[in-house]
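upload_31.pdb (PDB, C-alpha atoms) appears below.
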ATOM      1  CA  MET A 162     -23.538   7.799  23.270
ATOM      2  CA  ILE A 163     -20.740  10.024  21.974
ATOM      3  CA  ASN A 164     -21.721  12.819  19.619
ATOM      4  CA  THR A 165     -19.906  12.108  16.348
ATOM      5  CA  ARG A 166     -19.459  15.752  15.403
ATOM      6  CA  ILE A 167     -17.813  16.561  18.727
ATOM      7  CA  PHE A 168     -15.691  13.409  18.588
ATOM      8  CA  GLY A 169     -14.727  14.070  14.974
ATOM      9  CA  ALA A 170     -13.774  17.662  15.780
ATOM     10  CA  GLU A 171     -11.566  16.434  18.616
ATOM     11  CA  LEU A 172      -9.920  13.931  16.283
ATOM     12  CA  GLN A 173      -9.212  16.708  13.808
ATOM     13  CA  LYS A 174      -7.870  18.928  16.584
ATOM     14  CA  ALA A 175      -5.529  16.089  17.516
ATOM     15  CA  GLY A 176      -4.344  16.095  13.911
ATOM     16  CA  PHE A 177      -6.097  13.011  12.563
ATOM     17  CA  THR A 178      -7.283  14.025   9.129
ATOM     18  CA  PHE A 179      -6.727  10.940   6.984
ATOM     19  CA  PHE A 180      -9.065   7.970   7.262
ATOM     20  CA  SER A 181      -9.273   4.663   5.464
ATOM     21  CA  GLY A 182     -11.511   1.728   6.142
ATOM     22  CA  VAL A 183     -14.208  -0.729   5.298
ATOM     23  CA  PRO A 184     -17.680   0.060   6.635
ATOM     24  CA  CYS A 185     -19.221  -1.243   9.793
ATOM     25  CA  SER A 186     -22.723  -0.213  10.748
ATOM     26  CA  TYR A 187     -21.549   0.700  14.260
ATOM     27  CA  LEU A 188     -18.976   3.063  12.757
ATOM     28  CA  LYS A 189     -21.323   4.458  10.148
ATOM     29  CA  SER A 190     -21.535   7.934  11.711
ATOM     30  CA  LEU A 191     -17.792   8.241  12.074
ATOM     31  CA  ILE A 192     -17.232   7.066   8.515
ATOM     32  CA  ASN A 193     -19.772   9.559   7.215
ATOM     33  CA  TYR A 194     -18.112  12.300   9.268
ATOM     34  CA  ALA A 195     -14.755  11.376   7.753
ATOM     35  CA  ILE A 196     -16.208  11.360   4.230
ATOM     36  CA  ASN A 197     -17.765  14.788   4.705
ATOM     37  CA  ASN A 198     -15.106  16.563   6.741
ATOM     38  CA  CYS A 199     -11.774  14.826   6.255
ATOM     39  CA  GLU A 200      -9.960  12.754   3.683
ATOM     40  CA  TYR A 201     -11.498   9.280   3.520
ATOM     41  CA  VAL A 202     -10.368   6.454   1.288
ATOM     42  CA  ALA A 203     -12.834   3.605   0.949
ATOM     43  CA  ALA A 204     -10.665   0.507   0.800
ATOM     44  CA  ALA A 205     -11.607  -2.764  -0.865
ATOM     45  CA  ASN A 206     -10.515  -4.681   2.185
ATOM     46  CA  GLU A 207      -9.239  -4.016   5.663
ATOM     47  CA  GLY A 208      -5.642  -4.985   4.910
ATOM     48  CA  ASP A 209      -5.584  -2.503   2.038
ATOM     49  CA  ALA A 210      -6.965   0.126   4.448
ATOM     50  CA  VAL A 211      -4.051  -0.457   6.816
ATOM     51  CA  ALA A 212      -1.575  -0.199   3.926
ATOM     52  CA  ILE A 213      -3.206   2.977   2.583
ATOM     53  CA  ALA A 214      -3.176   4.572   6.027
ATOM     54  CA  SER A 215       0.462   3.528   6.451
ATOM     55  CA  GLY A 216       1.380   5.239   3.193
ATOM     56  CA  ALA A 217      -0.444   8.349   4.351
ATOM     57  CA  PHE A 218       1.447   8.277   7.645
ATOM     58  CA  VAL A 219       4.816   8.068   5.928
ATOM     59  CA  GLY A 220       3.567  10.907   3.732
ATOM     60  CA  GLY A 221       3.125  13.023   6.854
ATOM     61  CA  LYS A 222      -0.499  12.596   7.915
ATOM     62  CA  LYS A 223      -1.851  11.210  11.173
ATOM     63  CA  ALA A 224      -3.937   8.327   9.892
ATOM     64  CA  VAL A 225      -6.937   6.391  11.121
ATOM     65  CA  VAL A 226      -8.239   2.974  10.093
ATOM     66  CA  LEU A 227     -11.861   1.938  10.527
ATOM     67  CA  MET A 228     -13.231  -1.608  10.361
ATOM     68  CA  GLN A 229     -15.228  -4.193  12.198
ATOM     69  CA  ASN A 230     -13.571  -6.970  14.175
ATOM     70  CA  SER A 231     -14.314  -9.665  11.638
ATOM     71  CA  GLY A 232     -12.381  -7.548   9.154
ATOM     72  CA  LEU A 233      -9.430  -7.219  11.508
ATOM     73  CA  THR A 234      -8.381 -10.678  10.413
ATOM     74  CA  ASN A 235      -8.025  -9.365   6.849
ATOM     75  CA  ALA A 236      -5.603  -6.810   8.198
ATOM     76  CA  ILE A 237      -3.319  -9.183  10.093
ATOM     77  CA  SER A 238      -0.737  -9.359   7.316
ATOM     78  CA  PRO A 239      -0.025  -5.618   7.085
ATOM     79  CA  LEU A 240      -0.406  -5.247  10.862
ATOM     80  CA  SER A 241       2.293  -7.878  11.441
ATOM     81  CA  SER A 242       4.656  -7.142   8.597
ATOM     82  CA  LEU A 243       4.056  -3.509   7.705
ATOM     83  CA  THR A 244       2.989  -1.390  10.672
ATOM     84  CA  TYR A 245       4.944  -3.408  13.228
ATOM     85  CA  PRO A 246       8.424  -3.790  11.702
ATOM     86  CA  PHE A 247       8.273  -0.379  10.030
ATOM     87  CA  ARG A 248       7.027   1.156  13.299
ATOM     88  CA  ILE A 249       4.108   2.937  11.702
ATOM     89  CA  PRO A 250       1.617   4.111  14.334
ATOM     90  CA  LEU A 251      -2.017   4.139  13.293
ATOM     91  CA  LEU A 252      -5.149   4.961  15.214
ATOM     92  CA  GLY A 253      -7.644   2.151  14.735
ATOM     93  CA  PHE A 254     -11.358   1.994  15.357
ATOM     94  CA  VAL A 255     -12.426  -1.622  15.306
ATOM     95  CA  SER A 256     -16.011  -2.259  16.245
ATOM     96  CA  LEU A 257     -16.521  -5.227  18.511
ATOM     97  CA  ARG A 258     -19.322  -7.280  17.037
ATOM     98  CA  GLY A 259     -20.719 -10.351  18.677
ATOM     99  CA  GLU A 260     -19.711  -9.972  22.277
ATOM    100  CA  PHE A 261     -20.136 -13.200  24.186
ATOM    101  CA  TRP A 262     -22.786 -11.985  26.550
ATOM    102  CA  ARG A 263     -24.785 -10.021  24.018
ATOM    103  CA  ILE A 264     -27.278 -11.693  21.724
ATOM    104  CA  SER A 265     -26.664 -10.319  18.275
ATOM    105  CA  ILE A 266     -28.469 -11.137  15.061
ATOM    106  CA  LEU A 267     -25.268 -12.724  13.796
ATOM    107  CA  ARG A 268     -25.009 -15.023  16.800
ATOM    108  CA  ILE A 269     -28.579 -16.148  16.473
ATOM    109  CA  THR A 270     -28.276 -16.961  12.808
ATOM    110  CA  SER A 271     -25.205 -19.079  13.247
ATOM    111  CA  LEU A 272     -23.587 -20.747  16.224
ATOM    112  CA  PHE A 273     -20.394 -20.762  14.270
ATOM    113  CA  SER A 274     -20.751 -17.096  13.377
ATOM    114  CA  LEU A 275     -17.392 -15.613  12.619
ATOM    115  CA  SER A 276     -18.331 -12.434  14.411
ATOM    116  CA  SER A 277     -18.974 -13.921  17.819
ATOM    117  CA  LYS A 278     -15.903 -16.124  17.759
ATOM    118  CA  LYS A 279     -13.866 -13.248  16.522
ATOM    119  CA  GLY A 280     -15.172 -11.032  19.278
ATOM    120  CA  ARG A 281     -13.375 -13.225  21.787
ATOM    121  CA  LEU A 282     -10.406 -13.771  19.520
ATOM    122  CA  MET A 283     -10.021 -10.061  18.905
ATOM    123  CA  LYS A 284      -9.500  -9.318  22.568
ATOM    124  CA  LYS A 285      -6.900 -12.090  22.663
ATOM    125  CA  PHE A 286      -5.304 -10.828  19.430
ATOM    126  CA  CYS A 287      -4.917  -7.302  20.705
ATOM    127  CA  THR A 288      -3.461  -8.497  23.973
ATOM    128  CA  ASN A 289      -0.985 -10.759  22.214
ATOM    129  CA  LYS A 290       0.061  -8.078  19.784
ATOM    130  CA  ASN A 291       0.672  -5.576  22.572
ATOM    131  CA  THR A 292      -1.864  -3.330  20.914
ATOM    132  CA  PRO A 293      -3.436  -0.921  23.387
ATOM    133  CA  PHE A 294      -7.183  -1.061  23.079
ATOM    134  CA  ILE A 295     -10.196   0.233  24.913
TER     135      ILE A 295
ATOM    136  CA  MET B1490      12.196 -11.156 -22.310
ATOM    137  CA  PRO B1491      14.112  -8.859 -20.023
ATOM    138  CA  THR B1492      15.094  -9.997 -16.572
ATOM    139  CA  ARG B1493      13.779  -8.347 -13.418
ATOM    140  CA  HIS B1494      17.246  -6.966 -12.786
ATOM    141  CA  GLU B1495      17.318  -5.280 -16.194
ATOM    142  CA  ALA B1496      13.842  -3.830 -15.721
ATOM    143  CA  LEU B1497      14.686  -2.490 -12.284
ATOM    144  CA  THR B1498      17.900  -0.967 -13.627
ATOM    145  CA  VAL B1499      15.906   0.956 -16.232
ATOM    146  CA  ILE B1500      13.315   2.088 -13.680
ATOM    147  CA  ASN B1501      15.973   3.123 -11.204
ATOM    148  CA  ALA B1502      17.866   5.134 -13.809
ATOM    149  CA  MET B1503      14.771   7.288 -14.319
ATOM    150  CA  LYS B1504      14.443   8.416 -10.721
ATOM    151  CA  ASP B1505      15.099  11.960  -9.573
ATOM    152  CA  CYS B1506      14.832  14.221  -6.530
ATOM    153  CA  SER B1507      11.102  13.946  -6.433
ATOM    154  CA  THR B1508      10.727  10.218  -7.035
ATOM    155  CA  VAL B1509       9.888   7.602  -4.437
ATOM    156  CA  GLN B1510      10.351   3.976  -5.481
ATOM    157  CA  LEU B1511       8.220   1.394  -3.693
ATOM    158  CA  ALA B1512       9.242  -2.211  -4.301
ATOM    159  CA  THR B1513       7.020  -5.161  -3.551
ATOM    160  CA  THR B1514       7.902  -8.020  -1.213
ATOM    161  CA  GLY B1515      10.602 -10.503  -2.014
ATOM    162  CA  LYS B1516      13.268 -10.510  -4.689
ATOM    163  CA  THR B1517      12.010  -7.287  -6.281
ATOM    164  CA  GLY B1518      13.011  -5.295  -3.238
ATOM    165  CA  ARG B1519      16.205  -7.249  -2.756
ATOM    166  CA  GLU B1520      17.315  -6.722  -6.351
ATOM    167  CA  LEU B1521      16.491  -3.013  -6.209
ATOM    168  CA  TYR B1522      18.551  -2.753  -3.043
ATOM    169  CA  GLU B1523      21.483  -4.371  -4.826
ATOM    170  CA  ILE B1524      21.165  -2.112  -7.865
ATOM    171  CA  GLU B1525      21.179   1.044  -5.791
ATOM    172  CA  ASP B1526      20.076   1.554  -2.238
ATOM    173  CA  ALA B1527      18.776   5.073  -1.668
ATOM    174  CA  ASP B1528      16.777   7.117   0.819
ATOM    175  CA  ASN B1529      13.880   7.330  -1.599
ATOM    176  CA  ASN B1530      13.552   3.555  -1.915
ATOM    177  CA  PHE B1531      11.068   1.553   0.142
ATOM    178  CA  TYR B1532      11.343  -2.242   0.350
ATOM    179  CA  MET B1533       8.121  -3.906   1.444
ATOM    180  CA  VAL B1534       8.524  -6.719   3.952
ATOM    181  CA  GLY B1535       5.727  -9.302   3.965
ATOM    182  CA  SER B1536       2.361  -7.592   3.445
ATOM    183  CA  MET B1537       2.213  -9.125   0.001
ATOM    184  CA  GLY B1538      -0.058  -7.219  -2.284
ATOM    185  CA  CYS B1539      -0.055  -4.078  -0.174
ATOM    186  CA  ILE B1540       2.526  -2.090  -2.091
ATOM    187  CA  SER B1541       0.157  -0.223  -4.411
ATOM    188  CA  SER B1542      -2.186   0.576  -1.513
ATOM    189  CA  PHE B1543       0.773   1.956   0.399
ATOM    190  CA  GLY B1544       1.607   3.900  -2.737
ATOM    191  CA  LEU B1545      -1.934   5.261  -2.931
ATOM    192  CA  GLY B1546      -1.773   6.591   0.627
ATOM    193  CA  LEU B1547       1.619   8.142  -0.046
ATOM    194  CA  ALA B1548       0.603   9.622  -3.410
ATOM    195  CA  LEU B1549      -2.499  11.246  -1.933
ATOM    196  CA  THR B1550      -0.477  12.911   0.818
ATOM    197  CA  GLN B1551       2.660  13.821  -1.113
ATOM    198  CA  LYS B1552       1.227  15.322  -4.260
ATOM    199  CA  ASN B1553       4.531  16.901  -5.281
ATOM    200  CA  LYS B1554       6.284  13.570  -5.421
ATOM    201  CA  LYS B1555       6.359  10.966  -8.158
ATOM    202  CA  ILE B1556       5.359   7.636  -6.658
ATOM    203  CA  VAL B1557       6.689   4.645  -8.593
ATOM    204  CA  VAL B1558       5.120   1.374  -7.469
ATOM    205  CA  ILE B1559       6.937  -1.782  -8.601
ATOM    206  CA  ASP B1560       4.650  -4.751  -8.238
ATOM    207  CA  GLY B1561       4.638  -8.457  -9.043
ATOM    208  CA  ASP B1562       1.955 -10.728 -10.460
ATOM    209  CA  GLY B1563       1.662 -12.899  -7.353
ATOM    210  CA  SER B1564       1.426  -9.827  -5.213
ATOM    211  CA  LEU B1565      -1.174  -8.059  -7.366
ATOM    212  CA  LEU B1566      -3.307 -11.192  -7.613
ATOM    213  CA  MET B1567      -3.329 -11.412  -3.840
ATOM    214  CA  ARG B1568      -4.983  -8.040  -3.405
ATOM    215  CA  MET B1569      -6.621  -7.386  -6.751
ATOM    216  CA  GLY B1570      -9.310  -5.215  -5.198
ATOM    217  CA  SER B1571      -6.645  -2.580  -4.656
ATOM    218  CA  LEU B1572      -6.748  -1.881  -8.428
ATOM    219  CA  ALA B1573     -10.313  -0.675  -8.032
ATOM    220  CA  THR B1574      -9.427   1.561  -5.098
ATOM    221  CA  ASN B1575      -6.372   2.970  -6.879
ATOM    222  CA  GLY B1576      -8.427   3.597 -10.010
ATOM    223  CA  TYR B1577     -11.212   5.331  -8.141
ATOM    224  CA  TYR B1578      -8.911   7.771  -6.351
ATOM    225  CA  HIS B1579      -6.551   7.940  -9.383
ATOM    226  CA  PRO B1580      -3.663   9.975  -7.985
ATOM    227  CA  ALA B1581      -2.007  11.589 -10.997
ATOM    228  CA  ASN B1582       1.409  11.311  -9.397
ATOM    229  CA  MET B1583       1.466   7.527  -9.209
ATOM    230  CA  ILE B1584       2.651   4.944 -11.713
ATOM    231  CA  HIS B1585       1.988   1.263 -11.064
ATOM    232  CA  ILE B1586       4.452  -1.018 -12.830
ATOM    233  CA  LEU B1587       3.675  -4.720 -12.952
ATOM    234  CA  LEU B1588       6.671  -6.962 -13.609
ATOM    235  CA  ASP B1589       5.002 -10.228 -14.545
ATOM    236  CA  ASN B1590       7.146 -13.357 -14.422
ATOM    237  CA  ASN B1591       4.119 -15.602 -13.998
ATOM    238  CA  ALA B1592       5.651 -17.004 -10.812
ATOM    239  CA  HIS B1593       6.093 -16.797  -7.068
ATOM    240  CA  ASP B1594       9.786 -16.429  -7.721
ATOM    241  CA  SER B1595      10.857 -15.628  -4.192
ATOM    242  CA  THR B1596       9.385 -18.787  -2.715
ATOM    243  CA  GLY B1597      10.327 -21.542  -5.158
ATOM    244  CA  GLY B1598       9.172 -20.438  -8.599
ATOM    245  CA  GLN B1599       5.671 -21.900  -8.582
ATOM    246  CA  SER B1600       3.458 -20.489 -11.329
ATOM    247  CA  THR B1601       0.731 -17.985 -10.676
ATOM    248  CA  VAL B1602      -2.338 -17.775 -12.893
ATOM    249  CA  SER B1603      -1.242 -14.449 -14.358
ATOM    250  CA  HIS B1604      -0.996 -15.953 -17.847
ATOM    251  CA  ASN B1605      -4.773 -16.357 -17.757
ATOM    252  CA  ILE B1606      -5.471 -12.687 -17.128
ATOM    253  CA  HIS B1607      -5.352  -9.476 -19.097
ATOM    254  CA  PHE B1608      -3.974  -7.104 -16.480
ATOM    255  CA  ILE B1609      -4.021  -4.168 -18.888
ATOM    256  CA  ASP B1610      -7.777  -4.515 -19.418
ATOM    257  CA  LEU B1611      -8.249  -5.050 -15.699
ATOM    258  CA  ALA B1612      -6.450  -1.860 -14.722
ATOM    259  CA  ALA B1613      -8.164   0.147 -17.433
ATOM    260  CA  SER B1614     -11.582  -1.095 -16.366
ATOM    261  CA  CYS B1615     -10.777  -0.100 -12.791
ATOM    262  CA  GLY B1616     -10.300   3.505 -13.788
ATOM    263  CA  TYR B1617      -6.567   3.846 -14.338
ATOM    264  CA  THR B1618      -6.018   6.868 -16.588
ATOM    265  CA  LYS B1619      -3.593   4.937 -18.779
ATOM    266  CA  SER B1620      -2.893   1.238 -19.027
ATOM    267  CA  ILE B1621       0.028   0.331 -21.246
ATOM    268  CA  TYR B1622       1.620  -2.934 -22.351
ATOM    269  CA  VAL B1623       5.357  -2.355 -22.642
ATOM    270  CA  HIS B1624       7.102  -5.000 -24.724
ATOM    271  CA  GLY B1625      10.658  -4.414 -23.615
ATOM    272  CA  LEU B1626      13.137  -2.192 -21.858
ATOM    273  CA  GLU B1627      13.077   0.578 -24.460
ATOM    274  CA  GLU B1628       9.313   0.869 -24.280
ATOM    275  CA  LEU B1629       9.517   0.788 -20.484
ATOM    276  CA  GLU B1630      11.919   3.700 -20.502
ATOM    277  CA  ALA B1631       9.824   5.620 -23.017
ATOM    278  CA  ALA B1632       6.603   5.038 -21.080
ATOM    279  CA  LEU B1633       8.211   6.155 -17.822
ATOM    280  CA  SER B1634       9.625   9.230 -19.481
ATOM    281  CA  GLU B1635       6.229  10.067 -20.953
ATOM    282  CA  TRP B1636       4.499   9.606 -17.602
ATOM    283  CA  LYS B1637       6.938  11.942 -15.900
ATOM    284  CA  LYS B1638       5.835  14.666 -18.314
ATOM    285  CA  THR B1639       2.122  14.015 -18.621
ATOM    286  CA  LYS B1640       1.306  12.308 -15.295
ATOM    287  CA  GLY B1641      -2.057  10.633 -14.692
ATOM    288  CA  LEU B1642      -2.431   7.320 -12.841
ATOM    289  CA  THR B1643      -0.709   4.878 -15.173
ATOM    290  CA  PHE B1644      -0.422   1.098 -15.219
ATOM    291  CA  LEU B1645       2.559  -0.367 -17.037
ATOM    292  CA  TYR B1646       2.713  -4.078 -17.778
ATOM    293  CA  LEU B1647       5.994  -5.774 -18.601
ATOM    294  CA  LYS B1648       6.593  -9.502 -18.934
ATOM    295  CA  ILE B1649       9.882 -10.504 -17.391
ATOM    296  CA  SER B1650      11.762 -13.774 -17.235
ATOM    297  CA  LYS B1651      11.602 -16.098 -14.257
ATOM    298  CA  SER B1652      15.275 -15.733 -13.395
ATOM    299  CA  SER B1653      16.678 -13.866 -10.433
ATOM    300  CA  LYS B1654      20.153 -12.708  -9.666
ATOM    301  CA  GLU B1655      22.146 -15.436  -7.968
ATOM    302  CA  GLN B1656      23.483 -14.995  -4.453
ATOM    303  CA  LEU B1657      20.967 -12.252  -3.840
ATOM    304  CA  GLY B1658      21.457 -10.587  -0.491
ATOM    305  CA  ARG B1659      18.933  -8.968   1.783
ATOM    306  CA  PRO B1660      18.811  -5.303   2.710
ATOM    307  CA  LYS B1661      21.075  -4.489   5.595
ATOM    308  CA  VAL B1662      18.838  -1.586   6.547
ATOM    309  CA  LYS B1663      16.090  -2.432   9.020
ATOM    310  CA  PRO B1664      12.478  -1.749   7.984
ATOM    311  CA  PHE B1665      11.965   1.088  10.445
ATOM    312  CA  GLU B1666      15.232   2.657   9.260
ATOM    313  CA  VAL B1667      13.949   2.496   5.681
ATOM    314  CA  LYS B1668      10.800   4.283   6.811
ATOM    315  CA  GLU B1669      12.657   6.933   8.793
ATOM    316  CA  ARG B1670      15.069   7.789   6.049
ATOM    317  CA  LEU B1671      12.199   7.969   3.553
ATOM    318  CA  GLN B1672      10.425  10.392   5.873
ATOM    319  CA  ARG B1673      13.604  12.457   6.078
ATOM    320  CA  PHE B1674      13.853  12.414   2.290
ATOM    321  CA  LEU B1675      10.261  13.618   1.961
ATOM    322  CA  ASN B1676      10.847  16.411   4.475
ATOM    323  CA  LYS B1677      14.086  17.423   2.810
ATOM    324  CA  HIS B1678      12.518  17.908  -0.606
ATOM    325  CA  PRO B1679       9.023  19.209   0.138
ATOM    326  CA  SER B1680       8.595  20.991  -3.160
ATOM    327  CA  GLY B1681       9.875  18.088  -5.191
ATOM    328  CA  LYS B1682      12.258  20.346  -7.073
ATOM    329  CA  LYS B1683      15.983  19.873  -7.348
ATOM    330  CA  GLU B1684      17.716  22.268  -5.005
ATOM    331  CA  GLU B1685      21.209  23.657  -5.149
ATOM    332  CA  GLY B1686      23.737  21.160  -3.963
ATOM    333  CA  ASP B1687      21.431  18.181  -4.456
ATOM    334  CA  LEU B1688      23.194  15.115  -5.676
ATOM    335  CA  CYS B1689      20.113  13.202  -6.667
ATOM    336  CA  GLY B1690      19.873  13.205 -10.470
ATOM    337  CA  LEU B1691      17.901  15.508 -12.730
TER     338      LEU B1691
END

Show me, as structure tokens, the structure contained in the file I just sent.
Amino acid sequence: MINTRIFGAELQKAGFTFFSGVPCSYLKSLINYAINNCEYVAAANEGDAVAIASGAFVGGKKAVVLMQNSGLTNAISPLSSLTYPFRIPLLGFVSLRGEFWRISILRITSLFSLSSKKGRLMKKFCTNKNTPFI
Amino acid sequence: MPTRHEALTVINAMKDCSTVQLATTGKTGRELYEIEDADNNFYMVGSMGCISSFGLGLALTQKNKKIVVIDGDGSLLMRMGSLATNGYYHPANMIHILLDNNAHDSTGGQSTVSHNIHFIDLAASCGYTKSIYVHGLEELEAALSEWKKTKGLTFLYLKISKSSKEQLGRPKVKPFEVKERLQRFLNKHPSGKKEEGDLCGL
């Protein structure tokens, strides 16, 4: 497991000081680090977070967006028509919830859980959008 | 009721060396482009509803600049939660102008439900420092002038007519070019003050 403080310090060293996002429990530590040590804007939804981070980038900051994969779908509009045509680079942390081979609470509670379906769709989405992801 | 073109003309006349004008998707951006294209204009493409969030990010990082967000009712309705975020972070250097024509004018003129809402109350309850109903172009000009002096996150509401300029063109500048020249503008005037030789207004 990566130590958040070390990771956060490296992010800051790389110049990433502006964060915007919508919480995900997996990203909780990173969000809390951003709140305490950097500039963090808590967005109402993931698309707004992308737009806020885009504004910050044009304003001169290196910006990060944080969300979970089911929220990525809320961000598709600004990712397709803001960051892409305006060529605004953002660093995104999107937690992958509901991986196919992992039993998650969400998968158990609903076979049609958005999270599990979106886990597979997200990988496809990123590949289609030529978005590098790890 | 004033037209969008008239409202944009008034707004545009108030800009200076430290102003950035952000126009929402559709005919708002196109009309602003026709009135006067400039380096400190930004025309949103798609991403309906995102303009004030973009403005928030820009206002928080460029505190010396005056960020003028020009929004529409359809657009604001689409991402109404952004009002809460804007209000919470309340950048003093941002003004959020809503030009309400009660329609999705750029896509056929279908009505929105904006006539059923009190946007002024909404913005005020979300934490905007000031939330003002402007009844016409004179009040718009006065409110803008006042904001330039006193600052504070302000919401201006103006009802406009449904009409648009006929034969409206589209910006000839590509989106990434708009972004790049805006970045150059921001770098050129870091302090936000008029410098010697500047041709950009008072």

Listed atoms of segment 209-220 of chain A, axis-aligned box, 6 Å per side: centre and edge lengths to one decimal in Å, as AutoDock Vina command-line options?
--center_x -1.1 --center_y 4.2 --center_z 4.8 --size_x 23.8 --size_y 25.4 --size_z 17.6

For this session: Please return, as a ChimeraX atom specification, all residues of chain B lying within 8 Å of chain A when only C-alpha atoms are considered.
Result: /B:1533-1537,1539-1540,1542-1551,1568,1570-1571,1573-1574,1578,1664-1668,1671-1672,1675

Problem set entry | Residue nearest Thr234 of chain A - candidates A:Cys185, A:Val255, A:Ala195, A:Phe168, atoms counted: all atoms listed in the file | A:Val255

For this session: Name all residues at most 9 Å from Thr1498 of chain B (count only C-alpha atoms; drop same-chain ones fewer than 6 positions away) and give them as a PyMOL selection string.
Result: chain B and resi 1521+1524-1525

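Atom CA of Leu1511 of chain B is found 8.3 Å from atom CA of Ser1541 of chain B.
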
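Among the candidates B:Tyr1646, B:Trp1636, B:Tyr1577, B:Tyr1532, the one nearest to Tyr1617 of chain B when counting only C-alpha atoms is B:Tyr1577.
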
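The coordinates place atom CA of Thr1643 of chain B at 5.7 Å from atom CA of Ser1620 of chain B.
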
For this session: Using atom CA of Phe254 of chain A and atom CA of Arg1673 of chain B as the two end points, give the distance in Å to one decimal.
Result: 28.6 Å

Leaving out Ile1586 of chain B and any residue of its chain fewer than 5 positions from it, which residues lie within 10 Å of it when counting all atoms listed in the file, given as a short mmCIF file (atom, residue, chain, number, x, y, z; two decimals) with C-alpha atoms, in the frame of the given file?
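Result file is part00.cif:
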data_model
loop_
_atom_site.label_atom_id
_atom_site.label_comp_id
_atom_site.auth_asym_id
_atom_site.auth_seq_id
_atom_site.Cartn_x
_atom_site.Cartn_y
_atom_site.Cartn_z
CA ILE B 1500 13.32 2.09 -13.68
CA ALA B 1512 9.24 -2.21 -4.30
CA SER B 1541 0.16 -0.22 -4.41
CA VAL B 1557 6.69 4.64 -8.59
CA VAL B 1558 5.12 1.37 -7.47
CA ILE B 1559 6.94 -1.78 -8.60
CA ASP B 1560 4.65 -4.75 -8.24
CA GLY B 1561 4.64 -8.46 -9.04
CA SER B 1620 -2.89 1.24 -19.03
CA ILE B 1621 0.03 0.33 -21.25
CA VAL B 1623 5.36 -2.36 -22.64
CA LEU B 1629 9.52 0.79 -20.48
CA LEU B 1633 8.21 6.16 -17.82
CA THR B 1643 -0.71 4.88 -15.17
CA PHE B 1644 -0.42 1.10 -15.22
CA LEU B 1645 2.56 -0.37 -17.04
CA TYR B 1646 2.71 -4.08 -17.78
CA LEU B 1647 5.99 -5.77 -18.60
#

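Here the question is which of B:Ala1632, B:Ala1527, B:Leu1497, B:Ala1613 gets nearest to Gly1576 of chain B using only C-alpha atoms, and that residue is B:Ala1613.
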
For this session: Report as a VMD selection string the full result of the PyMOL selection byres ((chain B and resi 1642) around 7) when it is applied to this structure.
Result: chain B and resid 1579 to 1584 1617 to 1619 1640 to 1641 1643 to 1644

How would the residues just picked look written out with C-alpha atoms as a PDB file, in the coordinates of the input?
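This is the output file selection-v7.pdb:
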ATOM      1  CA  HIS B1579      -6.551   7.940  -9.383  1.00  0.00           C
ATOM      2  CA  PRO B1580      -3.663   9.975  -7.985  1.00  0.00           C
ATOM      3  CA  ALA B1581      -2.007  11.589 -10.997  1.00  0.00           C
ATOM      4  CA  ASN B1582       1.409  11.311  -9.397  1.00  0.00           C
ATOM      5  CA  MET B1583       1.466   7.527  -9.209  1.00  0.00           C
ATOM      6  CA  ILE B1584       2.651   4.944 -11.713  1.00  0.00           C
ATOM      7  CA  TYR B1617      -6.567   3.846 -14.338  1.00  0.00           C
ATOM      8  CA  THR B1618      -6.018   6.868 -16.588  1.00  0.00           C
ATOM      9  CA  LYS B1619      -3.593   4.937 -18.779  1.00  0.00           C
ATOM     10  CA  LYS B1640       1.306  12.308 -15.295  1.00  0.00           C
ATOM     11  CA  GLY B1641      -2.057  10.633 -14.692  1.00  0.00           C
ATOM     12  CA  THR B1643      -0.709   4.878 -15.173  1.00  0.00           C
ATOM     13  CA  PHE B1644      -0.422   1.098 -15.219  1.00  0.00           C
TER      14      PHE B1644
END

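Residues in contact with Glu207 of chain A at up to 7 Å, not including ones fewer than 6 positions away on its chain and judged by all atoms listed in the file, are Gly182, Val183, Met228, Gly232, Leu233, Asn235 and Ala236 of chain A.
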